[in-house]
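Undergrad: Dropping a structure here in structure tokens format, bear with me for questions.
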Amino acid sequence: MTPEPRPLLAAGWMLGALIAFSTMAVAGRAVVPELDSFELMMYRSFIGLGIMVALGVVFGKFGEVRFDNLRLHGLRNLGHFTGQNLWFTALPLIPLAQLFALEFTSPIWVVIFAVVFAGEKITRTRGLAVALGFIGALIVARPGLEGDTFGLMLAAASAIGFAISIVSTRVLTRTETIFGILFWLTAMQAVFGLIGTGWDGDIAWPSLVVWPWVVLVGIAGLFAHMCLTNALAVAPATIVTPMEFMRLPAIAIVGTLFYNEAINAWVLVGAMVIFAGNYLNIWAQTRKS
């Protein structure tokens, strides 16, 4: 029997996710002048791993950590690690609203991957959803007209990495618990970060001024994952997705208050087109189910 959706509880979790993502963006901007993206990801992952180990010890959760899906965990975390590195690299280069809007194209790439790699059919609805997603991305980026081109390319590419993570996570949740998924998220990405940072033998140590921001990035990133997962556990994607898109106007306000970034109407229009494509695809899948 399908549990009754609890939209108010989902709204509470999504409010937590909104605060966590906004906090991570602000803290990340404070860190990037001193640490590169690999170093930031390494420290973030080790902080998250420390939190997961502590939770595992206190609540006896280590029995949920499985070893039979390590390849899929590896694919998920490589995709997320790549996407998050590109995201952090783009963070100081373009306005926050543009960065978040282009991140929302991830579900469109999920549709494309499902067609290319899983053999799913490209229906009219899915085709329209993909088209709307890319039109929205072009409206947000407006190539050649404004913004740092390299930063826009990095932000758009980060969505592909996040899409790989989304697809892998969907498969993992069939057999894995949230604790198991988050444990391997932090453990594997700590190793990836250590390799990416230490290959040249030069690992920067954060200054005393930057350390609090690094810790904040680690806590906020882990908390955001937990909030999103719990929101989807108590309400369907058709309810959660509109709530998730509230991150865009919220981060636009943060950008205005903290960094004097003008609220760009084109970014908001493009984000709404991207949202329409995402929601159309989710609505079609829900109706089919």
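Ordering of the structure tokens sets the chain letters (A, B, ...), residue numbers begin anew at 1 in every chain, and ligands are numbered from 1 in the order given.
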Produce a table with one row for each residue of segment 15-67 of chain A that has an atom at most 12 Å from any atom of segment 198-206 of chain A, each row naming the nearest atom pair and its distance in Å at one decimal; use only C-alpha atoms; arrange rows by chain and rising residue number; format as a tab-separated table.

TA:
residue	atom	partner	partner_atom	distance
A:Ala30	CA	A:Pro206	CA	11.4
A:Val31	CA	A:Pro206	CA	8.5
A:Val32	CA	A:Pro206	CA	10.5
A:Pro33	CA	A:Pro206	CA	10.7
A:Glu34	CA	A:Pro206	CA	7.2
A:Leu35	CA	A:Ala204	CA	6.7
A:Asp36	CA	A:Ala204	CA	8.6
A:Ser37	CA	A:Ala204	CA	11.3
A:Phe38	CA	A:Gly198	CA	9.2
A:Glu39	CA	A:Ile203	CA	7.1
A:Leu40	CA	A:Pro206	CA	9.3
A:Met42	CA	A:Gly198	CA	10.0
A:Tyr43	CA	A:Pro206	CA	9.4
A:Arg44	CA	A:Pro206	CA	12.0

Undergrad: Do you know which residues are at most 12 Å from Ile282 of chain A counting only C-alpha atoms, after dropping those on the same chain fewer than 3 positions away, and could you put them as a list in words?

TA: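 Here the qualifying residues turn out to be Pro107, Ile108, Val110, Val111, Thr125, Arg126, Ala129, Val130, Pro236, Ala237, Thr238, Ile239, Val240, Thr241, Pro242, Phe275, Ala276, Gly277, Asn278, Tyr279, Gln285, Thr286, Arg287, Lys288 and Ser289 of chain A.
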
Undergrad: Output N, CA and C atoms for every residue in that selection, as a CSV table (one decimal), in the first residue's frame.

TA:
chain,number,residue,atom,x,y,z
A,107,PRO,N,17.7,16.9,-14.8
A,107,PRO,CA,16.7,15.9,-15.1
A,107,PRO,C,16.5,15.7,-16.6
A,108,ILE,N,16.8,16.8,-17.4
A,108,ILE,CA,16.7,16.6,-18.9
A,108,ILE,C,17.8,15.6,-19.4
A,110,VAL,N,18.9,13.2,-17.6
A,110,VAL,CA,18.5,11.9,-17.1
A,110,VAL,C,17.6,11.3,-18.2
A,111,VAL,N,16.7,12.1,-18.8
A,111,VAL,CA,15.8,11.5,-19.8
A,111,VAL,C,16.6,11.1,-21.0
A,125,THR,N,6.0,13.5,-25.4
A,125,THR,CA,6.1,14.3,-24.1
A,125,THR,C,7.6,14.4,-23.7
A,126,ARG,N,8.3,13.3,-23.7
A,126,ARG,CA,9.7,13.4,-23.4
A,126,ARG,C,10.5,14.3,-24.3
A,129,ALA,N,9.8,17.8,-23.4
A,129,ALA,CA,10.5,18.1,-22.1
A,129,ALA,C,11.9,18.4,-22.3
A,130,VAL,N,12.6,17.6,-23.1
A,130,VAL,CA,14.0,17.8,-23.4
A,130,VAL,C,14.2,19.1,-24.2
A,236,PRO,N,5.5,12.6,-3.5
A,236,PRO,CA,6.0,12.3,-4.8
A,236,PRO,C,6.7,13.5,-5.5
A,237,ALA,N,7.5,13.2,-6.6
A,237,ALA,CA,8.3,14.2,-7.3
A,237,ALA,C,7.4,15.3,-7.8
A,238,THR,N,6.1,15.1,-8.1
A,238,THR,CA,5.3,16.1,-8.6
A,238,THR,C,5.0,17.2,-7.6
A,239,ILE,N,5.2,16.9,-6.3
A,239,ILE,CA,5.0,17.8,-5.2
A,239,ILE,C,6.4,18.4,-4.9
A,240,VAL,N,7.4,17.6,-4.8
A,240,VAL,CA,8.7,18.1,-4.4
A,240,VAL,C,9.4,19.0,-5.4
A,241,THR,N,9.3,18.7,-6.7
A,241,THR,CA,10.0,19.4,-7.7
A,241,THR,C,9.6,20.9,-7.7
A,242,PRO,N,8.4,21.3,-7.7
A,242,PRO,CA,8.1,22.8,-7.6
A,242,PRO,C,8.7,23.4,-6.4
A,275,PHE,N,11.9,24.5,-15.8
A,275,PHE,CA,10.9,23.9,-14.8
A,275,PHE,C,9.8,23.2,-15.6
A,276,ALA,N,9.3,23.9,-16.6
A,276,ALA,CA,8.1,23.4,-17.4
A,276,ALA,C,8.5,22.1,-18.0
A,277,GLY,N,9.7,22.0,-18.6
A,277,GLY,CA,10.2,20.7,-19.2
A,277,GLY,C,10.3,19.6,-18.2
A,278,ASN,N,10.9,19.9,-17.0
A,278,ASN,CA,11.1,18.9,-15.9
A,278,ASN,C,9.7,18.4,-15.4
A,279,TYR,N,8.8,19.4,-15.2
A,279,TYR,CA,7.5,19.0,-14.6
A,279,TYR,C,6.7,18.3,-15.6
A,285,GLN,N,5.3,10.7,-16.4
A,285,GLN,CA,5.6,9.5,-15.8
A,285,GLN,C,4.6,9.1,-14.7
A,286,THR,N,4.2,10.1,-13.9
A,286,THR,CA,3.2,9.8,-12.8
A,286,THR,C,1.9,9.3,-13.4
A,287,ARG,N,1.5,10.0,-14.5
A,287,ARG,CA,0.2,9.6,-15.1
A,287,ARG,C,0.3,8.2,-15.7
A,288,LYS,N,1.4,7.9,-16.3
A,288,LYS,CA,1.6,6.5,-16.9
A,288,LYS,C,1.6,5.5,-15.8
A,289,SER,N,2.3,5.8,-14.6
A,289,SER,CA,2.3,4.8,-13.5
A,289,SER,C,0.9,4.6,-13.0

Undergrad: For Ile219 of chain A, list every protein, DNA or RNA residue within 9 Å, evaluated using only C-alpha atoms, and leave out those in the same chain fewer than 5 positions away; present the list as a list in words.

TA: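 The neighbour list is Ala20, Met24, Arg44, Ile47, Gly48, Ile51, Val214 and Ala224 of chain A.
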
Undergrad: Please compute the atom CA of Trp87 of chain A-atom CA of Phe150 of chain A distance, one decimal, in Å.

TA: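 A separation of 11.9 Å between them.
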
Undergrad: DSSP says helix (DSSP H, G or I) for which residues of segment 150-232 of chain A? Put them as a ChimeraX atom specification?

TA: /A:150-172,178-198,211-232

Undergrad: Take the residues that were just selected and, keeping C-alpha atoms, output them as a PDB file, in the first residue's frame.

TA:
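Saved as out_6.pdb:
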ATOM      1  CA  PHE A 150      33.751  29.537 -19.478  1.00  0.00           C
ATOM      2  CA  GLY A 151      31.763  29.686 -16.238  1.00  0.00           C
ATOM      3  CA  LEU A 152      28.505  29.075 -18.099  1.00  0.00           C
ATOM      4  CA  MET A 153      30.025  26.065 -19.870  1.00  0.00           C
ATOM      5  CA  LEU A 154      31.241  24.633 -16.551  1.00  0.00           C
ATOM      6  CA  ALA A 155      27.823  25.111 -14.943  1.00  0.00           C
ATOM      7  CA  ALA A 156      26.056  23.458 -17.887  1.00  0.00           C
ATOM      8  CA  ALA A 157      28.530  20.552 -17.864  1.00  0.00           C
ATOM      9  CA  SER A 158      28.053  20.062 -14.109  1.00  0.00           C
ATOM     10  CA  ALA A 159      24.419  19.144 -14.795  1.00  0.00           C
ATOM     11  CA  ILE A 160      25.604  16.110 -16.797  1.00  0.00           C
ATOM     12  CA  GLY A 161      27.613  14.843 -13.829  1.00  0.00           C
ATOM     13  CA  PHE A 162      24.644  15.368 -11.515  1.00  0.00           C
ATOM     14  CA  ALA A 163      22.411  13.490 -13.976  1.00  0.00           C
ATOM     15  CA  ILE A 164      24.726  10.449 -13.835  1.00  0.00           C
ATOM     16  CA  SER A 165      24.465  10.628 -10.050  1.00  0.00           C
ATOM     17  CA  ILE A 166      20.648  10.857 -10.188  1.00  0.00           C
ATOM     18  CA  VAL A 167      20.276   7.815 -12.455  1.00  0.00           C
ATOM     19  CA  SER A 168      22.662   5.737 -10.339  1.00  0.00           C
ATOM     20  CA  THR A 169      20.952   6.784  -7.119  1.00  0.00           C
ATOM     21  CA  ARG A 170      17.559   5.700  -8.440  1.00  0.00           C
ATOM     22  CA  VAL A 171      18.932   2.204  -8.975  1.00  0.00           C
ATOM     23  CA  LEU A 172      20.768   2.109  -5.637  1.00  0.00           C
ATOM     24  CA  ILE A 178      20.049   6.233   2.812  1.00  0.00           C
ATOM     25  CA  PHE A 179      22.860   5.770   5.341  1.00  0.00           C
ATOM     26  CA  GLY A 180      24.631   3.282   3.076  1.00  0.00           C
ATOM     27  CA  ILE A 181      24.399   5.594   0.070  1.00  0.00           C
ATOM     28  CA  LEU A 182      25.614   8.647   2.001  1.00  0.00           C
ATOM     29  CA  PHE A 183      28.446   6.673   3.619  1.00  0.00           C
ATOM     30  CA  TRP A 184      29.846   5.621   0.242  1.00  0.00           C
ATOM     31  CA  LEU A 185      29.203   9.156  -1.067  1.00  0.00           C
ATOM     32  CA  THR A 186      31.532  10.666   1.518  1.00  0.00           C
ATOM     33  CA  ALA A 187      34.071   7.802   1.596  1.00  0.00           C
ATOM     34  CA  MET A 188      34.582   7.491  -2.163  1.00  0.00           C
ATOM     35  CA  GLN A 189      34.606  11.204  -2.833  1.00  0.00           C
ATOM     36  CA  ALA A 190      37.149  11.725  -0.057  1.00  0.00           C
ATOM     37  CA  VAL A 191      39.430   9.319  -1.935  1.00  0.00           C
ATOM     38  CA  PHE A 192      38.697  11.000  -5.285  1.00  0.00           C
ATOM     39  CA  GLY A 193      39.467  14.379  -3.736  1.00  0.00           C
ATOM     40  CA  LEU A 194      42.696  13.136  -2.182  1.00  0.00           C
ATOM     41  CA  ILE A 195      43.855  11.737  -5.543  1.00  0.00           C
ATOM     42  CA  GLY A 196      42.829  14.862  -7.463  1.00  0.00           C
ATOM     43  CA  THR A 197      44.462  17.156  -4.926  1.00  0.00           C
ATOM     44  CA  GLY A 198      47.604  15.225  -4.072  1.00  0.00           C
ATOM     45  CA  TRP A 211      38.360  26.737   8.076  1.00  0.00           C
ATOM     46  CA  PRO A 212      34.876  27.627   9.431  1.00  0.00           C
ATOM     47  CA  TRP A 213      33.640  28.099   5.855  1.00  0.00           C
ATOM     48  CA  VAL A 214      35.119  24.735   4.815  1.00  0.00           C
ATOM     49  CA  VAL A 215      33.344  23.001   7.706  1.00  0.00           C
ATOM     50  CA  LEU A 216      30.126  24.796   6.781  1.00  0.00           C
ATOM     51  CA  VAL A 217      30.402  23.540   3.185  1.00  0.00           C
ATOM     52  CA  GLY A 218      30.840  19.964   4.444  1.00  0.00           C
ATOM     53  CA  ILE A 219      27.887  20.106   6.830  1.00  0.00           C
ATOM     54  CA  ALA A 220      25.591  21.960   4.424  1.00  0.00           C
ATOM     55  CA  GLY A 221      26.345  19.580   1.526  1.00  0.00           C
ATOM     56  CA  LEU A 222      25.538  16.489   3.590  1.00  0.00           C
ATOM     57  CA  PHE A 223      22.438  18.090   5.108  1.00  0.00           C
ATOM     58  CA  ALA A 224      21.137  19.082   1.651  1.00  0.00           C
ATOM     59  CA  HIS A 225      21.370  15.460   0.437  1.00  0.00           C
ATOM     60  CA  MET A 226      19.545  14.251   3.532  1.00  0.00           C
ATOM     61  CA  CYS A 227      16.748  16.827   3.161  1.00  0.00           C
ATOM     62  CA  LEU A 228      16.122  16.077  -0.526  1.00  0.00           C
ATOM     63  CA  THR A 229      16.037  12.327   0.082  1.00  0.00           C
ATOM     64  CA  ASN A 230      13.626  12.630   2.994  1.00  0.00           C
ATOM     65  CA  ALA A 231      11.372  14.996   1.048  1.00  0.00           C
ATOM     66  CA  LEU A 232      11.073  12.442  -1.771  1.00  0.00           C
TER      67      LEU A 232
END

Undergrad: Could you check the closest approach to Thr256 of chain A for each of A:Thr173, A:Val115, A:Val269, A:Pro95 and tell me which residue wins, using only C-alpha atoms?

TA: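 For Thr256 of chain A, the nearest of the given residues is A:Pro95.
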
Undergrad: Using only C-alpha atoms, which residues sit within 9 Å of Ala101 of chain A once same-chain residues fewer than 6 positions away are excluded, as an mmCIF file with C-alpha atoms, in the first residue's frame?

TA:
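Okay, part.cif is ready:
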data_model
loop_
_atom_site.group_PDB
_atom_site.id
_atom_site.type_symbol
_atom_site.label_atom_id
_atom_site.label_comp_id
_atom_site.auth_asym_id
_atom_site.auth_seq_id
_atom_site.Cartn_x
_atom_site.Cartn_y
_atom_site.Cartn_z
ATOM 1 C CA GLY A 136 15.491 27.272 -21.089
ATOM 2 C CA ALA A 137 19.230 26.701 -20.688
ATOM 3 C CA VAL A 140 19.561 31.491 -19.011
ATOM 4 C CA PHE A 245 12.689 25.249 -7.893
ATOM 5 C CA LEU A 248 16.232 29.832 -7.712
ATOM 6 C CA VAL A 267 17.496 33.939 -15.889
ATOM 7 C CA LEU A 268 14.105 33.683 -14.192
ATOM 8 C CA GLY A 270 14.738 30.552 -18.636
ATOM 9 C CA ALA A 271 14.419 28.787 -15.288
ATOM 10 C CA ILE A 274 13.431 24.503 -17.638
#

Undergrad: Hey, what's within 10 Å of Gly255 of chain A if we count only C-alpha atoms and toss same-chain stuff fewer than 2 positions away? As a PyMOL selection string, please?

TA: chain A and resi 22+25-26+95-97+249-253+257-263

Undergrad: Which neighbours of Asp68 of chain A fall inside 12 Å, counting only C-alpha atoms, when residues of the same chain fewer than 3 positions from it are skipped, and could you give them as a PyMOL selection string?

TA: chain A and resi 64-65+71-74+172+175-176+180

Undergrad: Give the answer as one residue: which of A:Ile135, A:Val234, A:Val58, A:Met246 has the shortest atom-to-atom distance to Pro7 of chain A, using only C-alpha atoms?

TA: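 With only C-alpha atoms as the atom set, the closest residue is A:Val234.
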
Undergrad: Atom CA of Thr89 of chain A and atom CA of Arg29 of chain A, how far apart in Å?

TA: 9.7 Å
